[in-house]
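S.K.: Compact mmCIF, C-alpha atoms, file protein-v7.txt:
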# COMPACT_ATOMS: atom_id res chain seq x y z
CA MET A 2 17.95 -14.12 23.24
CA LYS A 3 16.93 -17.58 24.42
CA ASN A 4 13.18 -17.74 23.83
CA ILE A 5 11.41 -15.25 21.59
CA LEU A 6 7.78 -14.24 21.15
CA VAL A 7 6.80 -12.60 17.87
CA ILE A 8 3.53 -10.71 18.26
CA GLY A 9 1.85 -10.17 14.90
CA SER A 10 3.61 -13.20 13.43
CA THR A 11 1.21 -13.53 10.49
CA GLY A 12 1.63 -9.94 9.26
CA GLN A 13 3.85 -8.60 6.49
CA ILE A 14 7.01 -8.30 8.57
CA GLY A 15 6.11 -10.76 11.32
CA SER A 16 5.62 -13.75 9.04
CA GLU A 17 9.10 -13.42 7.55
CA LEU A 18 10.75 -12.38 10.81
CA THR A 19 9.40 -15.45 12.58
CA ARG A 20 10.84 -17.73 9.92
CA GLU A 21 14.22 -15.97 10.03
CA LEU A 22 14.42 -16.09 13.82
CA ARG A 23 13.63 -19.80 13.77
CA LYS A 24 16.49 -20.37 11.32
CA ARG A 25 18.90 -18.50 13.56
CA TYR A 26 17.87 -19.60 17.04
CA GLY A 27 16.07 -22.90 16.49
CA ALA A 28 12.38 -23.39 15.74
CA GLU A 29 11.52 -24.48 19.27
CA HIS A 30 12.77 -21.15 20.68
CA VAL A 31 10.51 -18.85 18.61
CA VAL A 32 6.78 -18.60 19.39
CA ALA A 33 4.48 -17.29 16.67
CA GLY A 34 1.98 -15.04 18.44
CA TYR A 35 -1.32 -14.42 16.66
CA ILE A 36 -4.89 -13.25 17.17
CA PRO A 37 -7.97 -15.39 16.43
CA GLY A 38 -8.88 -15.06 12.79
CA ALA A 39 -5.25 -14.59 11.77
CA GLU A 40 -3.84 -17.98 12.67
CA PRO A 41 -0.50 -19.16 11.25
CA THR A 42 -0.73 -21.51 8.30
CA GLY A 43 1.66 -23.80 6.44
CA ASP A 44 5.26 -23.85 7.61
CA LEU A 45 4.63 -20.88 9.92
CA ARG A 46 2.15 -23.06 11.82
CA ASP A 47 4.04 -26.34 11.53
CA GLY A 48 7.57 -24.99 11.91
CA GLY A 49 7.44 -24.16 15.63
CA PRO A 50 5.27 -23.28 18.61
CA SER A 51 2.44 -20.79 18.33
CA ALA A 52 0.07 -19.13 20.80
CA ILE A 53 -2.75 -16.61 20.92
CA ALA A 54 -1.11 -13.32 21.89
CA ASP A 55 -3.43 -10.32 21.62
CA VAL A 56 -1.69 -7.10 22.63
CA THR A 57 -4.93 -5.73 24.03
CA ASN A 58 -4.93 -8.53 26.64
CA GLY A 59 -1.99 -8.05 28.97
CA GLU A 60 -2.66 -11.13 31.07
CA GLN A 61 -2.77 -13.27 27.95
CA ILE A 62 0.65 -11.94 26.90
CA ALA A 63 1.99 -12.57 30.41
CA GLU A 64 0.74 -16.16 30.33
CA VAL A 65 2.51 -16.84 27.03
CA VAL A 66 5.70 -15.30 28.44
CA ARG A 67 5.49 -17.53 31.51
CA GLN A 68 4.58 -20.68 29.58
CA TYR A 69 7.44 -20.42 27.10
CA ASP A 70 9.99 -18.69 29.38
CA ILE A 71 10.20 -15.75 26.95
CA ASP A 72 13.05 -13.28 27.34
CA SER A 73 12.64 -11.26 24.11
CA ILE A 74 9.48 -9.90 22.47
CA TYR A 75 9.19 -8.57 18.93
CA ASN A 76 6.00 -6.49 18.98
CA LEU A 77 4.75 -6.00 15.41
CA ALA A 78 1.07 -5.41 16.16
CA ALA A 79 -0.13 -2.23 14.44
CA LEU A 80 -2.43 -0.86 11.75
CA LEU A 81 -0.67 0.49 8.68
CA SER A 82 -0.86 4.17 7.80
CA VAL A 83 -3.85 4.39 5.46
CA VAL A 84 -5.92 1.90 7.46
CA ALA A 85 -5.07 3.74 10.68
CA GLU A 86 -6.39 7.02 9.30
CA ARG A 87 -9.73 5.35 8.72
CA LYS A 88 -9.76 3.66 12.15
CA PRO A 89 -7.87 6.01 14.51
CA LEU A 90 -9.32 4.64 17.77
CA LEU A 91 -8.42 1.09 16.83
CA ALA A 92 -4.95 2.23 15.74
CA TRP A 93 -4.37 3.75 19.18
CA LYS A 94 -5.81 0.74 21.02
CA ILE A 95 -3.49 -1.68 19.24
CA GLY A 96 -0.44 0.53 18.86
CA ILE A 97 -0.32 2.29 22.25
CA ASP A 98 -2.60 0.54 24.71
CA GLY A 99 -1.19 -2.73 23.40
CA LEU A 100 2.38 -1.51 23.77
CA LEU A 101 1.73 -0.51 27.38
CA ASN A 102 0.55 -4.05 28.08
CA ILE A 103 3.72 -5.47 26.56
CA LEU A 104 6.01 -3.05 28.41
CA GLU A 105 4.37 -3.92 31.71
CA VAL A 106 4.83 -7.63 31.02
CA ALA A 107 8.45 -6.95 30.02
CA ARG A 108 9.05 -4.99 33.22
CA GLU A 109 7.67 -7.76 35.39
CA HIS A 110 9.34 -10.65 33.54
CA LYS A 111 12.64 -9.01 32.52
CA CYS A 112 12.06 -9.22 28.76
CA ALA A 113 13.72 -7.21 26.01
CA VAL A 114 11.26 -5.56 23.61
CA PHE A 115 11.52 -4.55 19.95
CA THR A 116 8.65 -2.35 18.69
CA PRO A 117 9.21 -0.80 15.27
CA SER A 118 8.74 2.88 14.64
CA SER A 119 8.48 4.38 11.16
CA ILE A 120 9.33 7.24 8.85
CA GLY A 121 5.71 8.12 9.57
CA SER A 122 6.85 9.44 12.95
CA PHE A 123 8.07 12.58 11.18
CA GLY A 124 5.92 15.42 9.90
CA PRO A 125 5.88 18.44 7.57
CA GLU A 126 8.21 20.51 9.78
CA THR A 127 10.88 17.78 9.83
CA PRO A 128 13.87 18.32 7.50
CA HIS A 129 13.00 16.13 4.51
CA TRP A 130 16.46 15.48 3.11
CA MET A 131 18.94 13.50 5.22
CA THR A 132 16.51 13.68 8.11
CA PRO A 133 18.62 13.70 11.31
CA GLN A 134 18.43 11.01 13.94
CA ASP A 135 17.33 13.58 16.53
CA THR A 136 14.98 16.18 15.07
CA ILE A 137 11.46 17.58 15.29
CA GLN A 138 8.70 14.97 15.13
CA ARG A 139 5.24 16.48 14.66
CA PRO A 140 3.29 14.03 12.47
CA ARG A 141 -0.25 14.82 11.36
CA THR A 142 -1.54 11.26 11.06
CA ILE A 143 -2.70 8.97 13.85
CA TYR A 144 -0.22 6.43 12.54
CA GLY A 145 2.62 8.90 13.00
CA VAL A 146 1.37 10.11 16.38
CA SER A 147 1.24 6.52 17.62
CA LYS A 148 4.77 5.85 16.35
CA VAL A 149 6.20 8.90 18.16
CA THR A 150 4.37 7.74 21.29
CA THR A 151 5.83 4.26 20.78
CA GLU A 152 9.33 5.70 20.82
CA LEU A 153 8.67 7.84 23.90
CA LEU A 154 6.95 5.10 25.89
CA SER A 155 9.72 2.67 25.09
CA GLU A 156 12.34 5.21 26.16
CA TYR A 157 10.41 5.89 29.37
CA TYR A 158 10.34 2.22 30.35
CA HIS A 159 14.04 1.92 29.53
CA HIS A 160 15.09 4.87 31.71
CA LYS A 161 12.49 4.42 34.46
CA TYR A 162 12.49 0.65 34.86
CA GLY A 163 15.55 -0.59 32.98
CA VAL A 164 13.54 -2.47 30.33
CA ASP A 165 15.75 -3.23 27.32
CA THR A 166 13.63 -1.52 24.66
CA ARG A 167 14.89 -1.05 21.11
CA SER A 168 13.42 0.08 17.79
CA VAL A 169 14.18 1.28 14.30
CA ARG A 170 12.23 3.71 12.13
CA PHE A 171 11.36 1.48 9.23
CA PRO A 172 10.96 2.99 5.78
CA GLY A 173 8.60 1.41 3.27
CA ILE A 174 9.14 -2.35 3.25
CA ILE A 175 9.14 -4.23 -0.07
CA SER A 176 8.51 -7.98 -0.02
CA TYR A 177 7.37 -10.74 -2.37
CA MET A 178 6.10 -13.00 0.42
CA THR A 179 3.11 -11.13 1.86
CA PRO A 180 0.72 -8.91 -0.14
CA PRO A 181 0.50 -5.22 0.85
CA GLY A 182 -1.84 -4.38 3.71
CA GLY A 183 -2.78 -0.71 3.55
CA GLY A 184 0.39 1.34 3.75
CA THR A 185 1.32 4.54 1.94
CA THR A 186 4.46 2.95 0.49
CA ASP A 187 2.60 -0.16 -0.72
CA TYR A 188 2.62 1.09 -4.31
CA ALA A 189 6.27 0.03 -4.39
CA VAL A 190 5.12 -3.57 -3.84
CA ASP A 191 1.98 -3.41 -6.00
CA ILE A 192 4.01 -2.25 -8.98
CA PHE A 193 5.91 -5.54 -9.06
CA TYR A 194 2.70 -7.58 -8.99
CA SER A 195 1.44 -5.64 -12.01
CA ALA A 196 4.72 -6.11 -13.86
CA VAL A 197 4.80 -9.87 -13.30
CA ARG A 198 1.14 -10.25 -14.28
CA GLY A 199 1.62 -8.23 -17.46
CA GLU A 200 -0.78 -5.47 -16.33
CA LYS A 201 -0.50 -1.72 -16.63
CA PHE A 202 0.24 -0.27 -13.19
CA VAL A 203 -1.97 2.53 -11.88
CA CYS A 204 0.23 4.53 -9.50
CA PRO A 205 -1.50 6.31 -6.57
CA ILE A 206 1.56 8.46 -5.78
CA LYS A 207 2.53 11.36 -8.03
CA GLU A 208 5.71 11.58 -10.05
CA GLY A 209 8.70 12.97 -8.17
CA THR A 210 7.56 11.85 -4.70
CA LEU A 211 10.64 10.51 -2.95
CA MET A 212 10.28 8.08 -0.05
CA ASP A 213 12.76 5.84 1.75
CA MET A 214 12.32 2.14 0.97
CA MET A 215 13.94 -1.11 2.08
CA TYR A 216 13.90 -4.68 0.84
CA MET A 217 12.54 -7.17 3.37
CA PRO A 218 15.81 -9.09 3.91
CA ASP A 219 17.42 -5.84 5.03
CA ALA A 220 14.47 -5.03 7.30
CA LEU A 221 14.82 -8.40 9.02
CA HIS A 222 18.56 -7.87 9.30
CA ALA A 223 18.00 -4.45 10.92
CA ALA A 224 15.55 -5.75 13.53
CA ILE A 225 17.63 -8.75 14.53
CA SER A 226 20.99 -6.94 14.43
CA LEU A 227 19.74 -4.19 16.71
CA MET A 228 18.41 -6.70 19.23
CA GLU A 229 21.76 -8.51 19.15
CA ALA A 230 23.78 -5.29 19.47
CA ASP A 231 26.09 -4.66 22.41
CA PRO A 232 24.08 -2.41 24.75
CA THR A 233 27.22 -0.61 25.90
CA ARG A 234 27.61 0.86 22.39
CA LEU A 235 24.06 2.21 22.15
CA VAL A 236 23.71 5.94 22.67
CA HIS A 237 20.15 5.70 21.39
CA HIS A 238 17.83 2.76 21.99
CA ASN A 239 14.54 3.61 20.29
CA GLY A 240 13.83 5.19 16.95
CA PHE A 241 17.03 4.50 15.02
CA ASN A 242 16.88 5.84 11.47
CA VAL A 243 17.69 3.04 9.01
CA ALA A 244 17.92 3.57 5.26
CA ALA A 245 18.68 1.54 2.16
CA MET A 246 17.32 3.38 -0.90
CA SER A 247 15.16 6.39 -1.70
CA PHE A 248 13.20 6.62 -4.92
CA ALA A 249 10.16 8.14 -6.64
CA PRO A 250 7.59 6.13 -8.65
CA GLU A 251 9.20 6.91 -11.99
CA THR A 252 12.55 5.57 -10.73
CA ILE A 253 11.27 2.15 -9.74
CA PHE A 254 9.22 2.05 -12.96
CA ALA A 255 12.40 2.66 -14.99
CA GLU A 256 14.24 -0.09 -13.13
CA ILE A 257 11.48 -2.59 -13.86
CA LYS A 258 11.36 -1.57 -17.55
CA LYS A 259 15.04 -2.50 -17.89
CA LEU A 260 13.97 -6.11 -17.28
CA ARG A 261 10.37 -5.89 -18.54
CA PRO A 262 10.48 -3.47 -21.53
CA GLU A 263 6.77 -3.93 -22.24
CA PHE A 264 5.71 -2.72 -18.79
CA GLU A 265 3.46 0.37 -18.64
CA MET A 266 2.39 2.74 -15.86
CA GLU A 267 -0.05 5.63 -15.48
CA TYR A 268 -0.84 7.96 -12.56
CA GLN A 269 -4.14 8.21 -10.67
CA VAL A 270 -3.12 9.99 -7.48
CA ASP A 271 -4.85 9.01 -4.25
CA PRO A 272 -5.23 12.27 -2.24
CA LEU A 273 -4.96 10.59 1.17
CA LYS A 274 -1.89 8.55 0.30
CA GLN A 275 -0.26 11.54 -1.39
CA ALA A 276 -0.87 13.81 1.61
CA ILE A 277 0.72 11.24 3.90
CA ALA A 278 3.67 10.73 1.55
CA ASP A 279 4.27 14.47 1.29
CA SER A 280 4.58 14.73 5.08
CA TRP A 281 7.28 12.05 5.26
CA PRO A 282 11.05 12.39 4.72
CA ASP A 283 12.65 12.00 1.31
CA ARG A 284 15.80 10.45 2.74
CA LEU A 285 16.92 9.50 6.26
CA ASP A 286 20.35 10.04 7.78
CA ASP A 287 21.12 6.66 9.37
CA SER A 288 24.66 7.44 10.54
CA ALA A 289 23.74 6.77 14.20
CA ALA A 290 22.70 3.20 13.40
CA ARG A 291 25.83 2.69 11.34
CA SER A 292 28.12 3.90 14.12
CA GLU A 293 26.32 2.40 17.14
CA TRP A 294 25.54 -1.11 15.86
CA ASP A 295 27.19 -1.35 12.43
CA TRP A 296 24.02 -1.12 10.36
CA GLN A 297 24.63 -1.73 6.66
CA PRO A 298 21.98 -2.60 4.03
CA GLN A 299 22.72 -5.33 1.49
CA TYR A 300 20.28 -4.42 -1.32
CA ASP A 301 20.14 -1.40 -3.60
CA ILE A 302 17.27 -0.69 -6.00
CA THR A 303 18.82 -2.65 -8.88
CA ALA A 304 19.48 -5.81 -6.85
CA MET A 305 16.07 -5.60 -5.19
CA THR A 306 14.22 -5.17 -8.50
CA ALA A 307 15.87 -8.20 -10.07
CA ASP A 308 15.14 -10.39 -7.06
CA MET A 309 11.55 -9.19 -6.65
CA LEU A 310 10.70 -9.95 -10.27
CA GLU A 311 12.36 -13.36 -10.10
CA GLN A 312 10.73 -14.40 -6.83
CA LEU A 313 7.27 -13.05 -7.66
CA SER A 314 7.38 -14.80 -11.04
CA LYS A 315 7.97 -18.09 -9.26
CA ARG A 316 5.05 -17.46 -6.91
CA LEU A 317 2.50 -16.00 -9.34
CA LEU A 318 3.23 -17.86 -12.54
CA LYS A 319 3.23 -21.45 -11.30
What would you get if you wrote out this structure as structure tokens?
M.R.:
Amino acid sequence: MKNILVIGSTGQIGSELTRELRKRYGAEHVVAGYIPGAEPTGDLRDGGPSAIADVTNGEQIAEVVRQYDIDSIYNLAALLSVVAERKPLLAWKIGIDGLLNILEVAREHKCAVFTPSSIGSFGPETPHWMTPQDTIQRPRTIYGVSKVTTELLSEYYHHKYGVDTRSVRFPGIISYMTPPGGGTTDYAVDIFYSAVRGEKFVCPIKEGTLMDMMYMPDALHAAISLMEADPTRLVHHNGFNVAAMSFAPETIFAEIKKLRPEFEMEYQVDPLKQAIADSWPDRLDDSAARSEWDWQPQYDITAMTADMLEQLSKRLLK
């Protein structure tokens, strides 16, 4: 990777990924792509080049690629699961029509492309425990349908045109940098905000609901490591299962109480979020990622909890 474009650079993952890529490859080599109304601010704006890069405008993407001699694109433009269910046409326009624009630009300009998939790409018929790398994917949400389509389109462009497409199926991402933005797993971020602020947490997911989760540093590590991986080792290219920890609400609550004994939680289940959560895996089998590009998470639930509370306290209690 010489010059990188991050599309969706001001989002939850994109904002931190852009900063990490600039540390690794040099600020001048990483362009923060954004849409009007979601411009970079602070060090994200001042720390390197930026450009308007709307996935629904293929020519605009192509112009940025030409201007900055881009050879790798991280495409993070998407609506999160709950928001997508409320705006299915927009979810498809951004997630799939936008991806087609990027893949066409990549084909013409010889770019590698990373577009994340998700545990949302699975459905009720998928084995829920140690979900295999290759298994049935019949999601019942527009978010999931778009993620399966993302994987298939990316594979098509790889086999048909030789585009270097790669992706992982992200679990829920937990971060202290960017507030949650409408995902089913966002409760696992919200709970830390409540704990640091001394508030009782109202949990929208019922007790006993297991979902795969990952701390943001591991998510960044997964995305970058896969893009750096030796292509001759890759049996798969798109839709790698990656896992770090799987827990239910009561488990993360108990971990926080070890450090904040006064913390309290109650349940008020959100039917939409619960229905989505119930259709997703409890735990992914990520052995393919481990064997093909040496994937290995660094954070477990205990280490993540301690760091989240420490970092959020610094940010919220200034």
S.K.: Find the residues near Ile206 in chain A: any atom within 12 Å, counting all atoms listed in the file, skip ones fewer than 5 places away on the same chain, and give them as a VMD selection string.
M.R.: chain A and resid 184 to 189 191 to 192 211 to 212 248 to 251 266 to 279
S.K.: Measuring between all atoms listed in the file, which one of A:Leu101, A:Ile8, A:Leu285, A:Val32 shows the shortest distance to Asn76 in chain A?
M.R.: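 Smallest separation from Asn76 in chain A among the options: A:Ile8.
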S.K.: Return the single residue from A:Arg46, A:Ser168, A:Tyr35, A:Gly199 that is closest to Arg20 in chain A, with distances computed using only C-alpha atoms.
M.R.: A:Arg46
S.K.: Skip Pro125 in chain A itself and residues of its chain fewer than 2 positions away, then list as a list in words all residues within 10 Å of it, counting only C-alpha atoms.
M.R.: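 In the requested format, the answer is Phe123, Thr127, Pro128, His129, Ile137, Gln138, Arg139, Pro140, Arg141, Ile277, Asp279, Ser280, Trp281 and Pro282 of chain A.
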S.K.: Just to be explicit: take each residue in the selection above, keep C-alpha atoms, and write the result as a short mmCIF file (atom, residue, chain, number, x, y, z; two decimals), in the coordinates of the input.
M.R.:
data_model
loop_
_atom_site.label_atom_id
_atom_site.label_comp_id
_atom_site.auth_asym_id
_atom_site.auth_seq_id
_atom_site.Cartn_x
_atom_site.Cartn_y
_atom_site.Cartn_z
CA PHE A 123 8.07 12.58 11.18
CA THR A 127 10.88 17.78 9.83
CA PRO A 128 13.87 18.32 7.50
CA HIS A 129 13.00 16.13 4.51
CA ILE A 137 11.46 17.58 15.29
CA GLN A 138 8.70 14.97 15.13
CA ARG A 139 5.24 16.48 14.66
CA PRO A 140 3.29 14.03 12.47
CA ARG A 141 -0.25 14.82 11.36
CA ILE A 277 0.72 11.24 3.90
CA ASP A 279 4.27 14.47 1.29
CA SER A 280 4.58 14.73 5.08
CA TRP A 281 7.28 12.05 5.26
CA PRO A 282 11.05 12.39 4.72
#
S.K.: In Å, with one decimal, what is the gap from CA of Gly209 in chain A to CA of Thr252 in chain A?
M.R.: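 Between CA of Gly209 in chain A and CA of Thr252 in chain A the gap is 8.7 Å.
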S.K.: Can you pull out the residues contacting range 307-310 of chain A? Cut-off 8 Å, using only C-alpha atoms, and skip same-chain residues under 5 positions away; I want them as a PyMOL selection string.
M.R.: chain A and resi 176-177+193+196-197+260
S.K.: What does the distance from CA of Ser147 in chain A to CA of Pro117 in chain A come to in Å, to one decimal?
M.R.: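 Separation of CA of Ser147 in chain A and CA of Pro117 in chain A: 11.1 Å.
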S.K.: Per residue of range 164-259 of chain A within 12 Å of range 23-29 of chain A, what are the shortest atom pair and its distance in Å to one decimal, counting only C-alpha atoms, with rows by chain and residue number, as a tab-separated table?
M.R.:
residue	atom	partner	partner_atom	distance
A:Leu221	CA	A:Arg25	CA	11.8
A:His222	CA	A:Arg25	CA	11.5
A:Ile225	CA	A:Arg25	CA	9.9
A:Ser226	CA	A:Arg25	CA	11.8
A:Glu229	CA	A:Arg25	CA	11.8
S.K.: To one decimal in Å, tell me the separation between CA of Phe115 in chain A and CA of Met228 in chain A.
M.R.: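 Between these atoms lies a distance of 7.3 Å.
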S.K.: Specify the axis-aligned box that encloses all atoms of range 203-207 of chain A listed in the file after padding of 3 Å on each side, stating its centre and edge lengths in Å to one decimal as JSON.
M.R.:
{"center_x": 0.3, "center_y": 6.9, "center_z": -8.8, "size_x": 10.5, "size_y": 14.8, "size_z": 12.1}
S.K.: I'd like to know which of A:Val169, A:Ala290, A:Ile174, A:Leu81 is closest to Pro218 in chain A, using only C-alpha atoms.
M.R.: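 Smallest distance to Pro218 in chain A is found for A:Ile174.
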S.K.: Please identify all polymer residues within 12 Å of Pro298 in chain A, counting only C-alpha atoms, omitting same-chain residues fewer than 4 positions from it, and present them as a ChimeraX atom specification.
M.R.: /A:214-224,226,243-246,287,290-291,302,304-305
S.K.: Counting only C-alpha atoms, select every polymer residue within 9 Å of (22.8, 15.8, 6.0) as defined in the file's coordinates, and provide the selection as a list in words.
M.R.: Trp130, Met131, Thr132, Pro133, Leu285 and Asp286 of chain A
S.K.: When you count all atoms listed in the file, which of these residues is closest to Ile103 in chain A: A:Asp55, A:Glu256, A:Asp70, A:Asp231?
M.R.: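 That would be A:Asp55, the residue with the smallest distance to Ile103 in chain A.
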S.K.: Counting only C-alpha atoms, which residue out of A:Ile74, A:Thr179, A:Val190, A:Thr210 sits closest to Val164 in chain A?
M.R.: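 The answer is A:Ile74, which sits nearest to Val164 in chain A.
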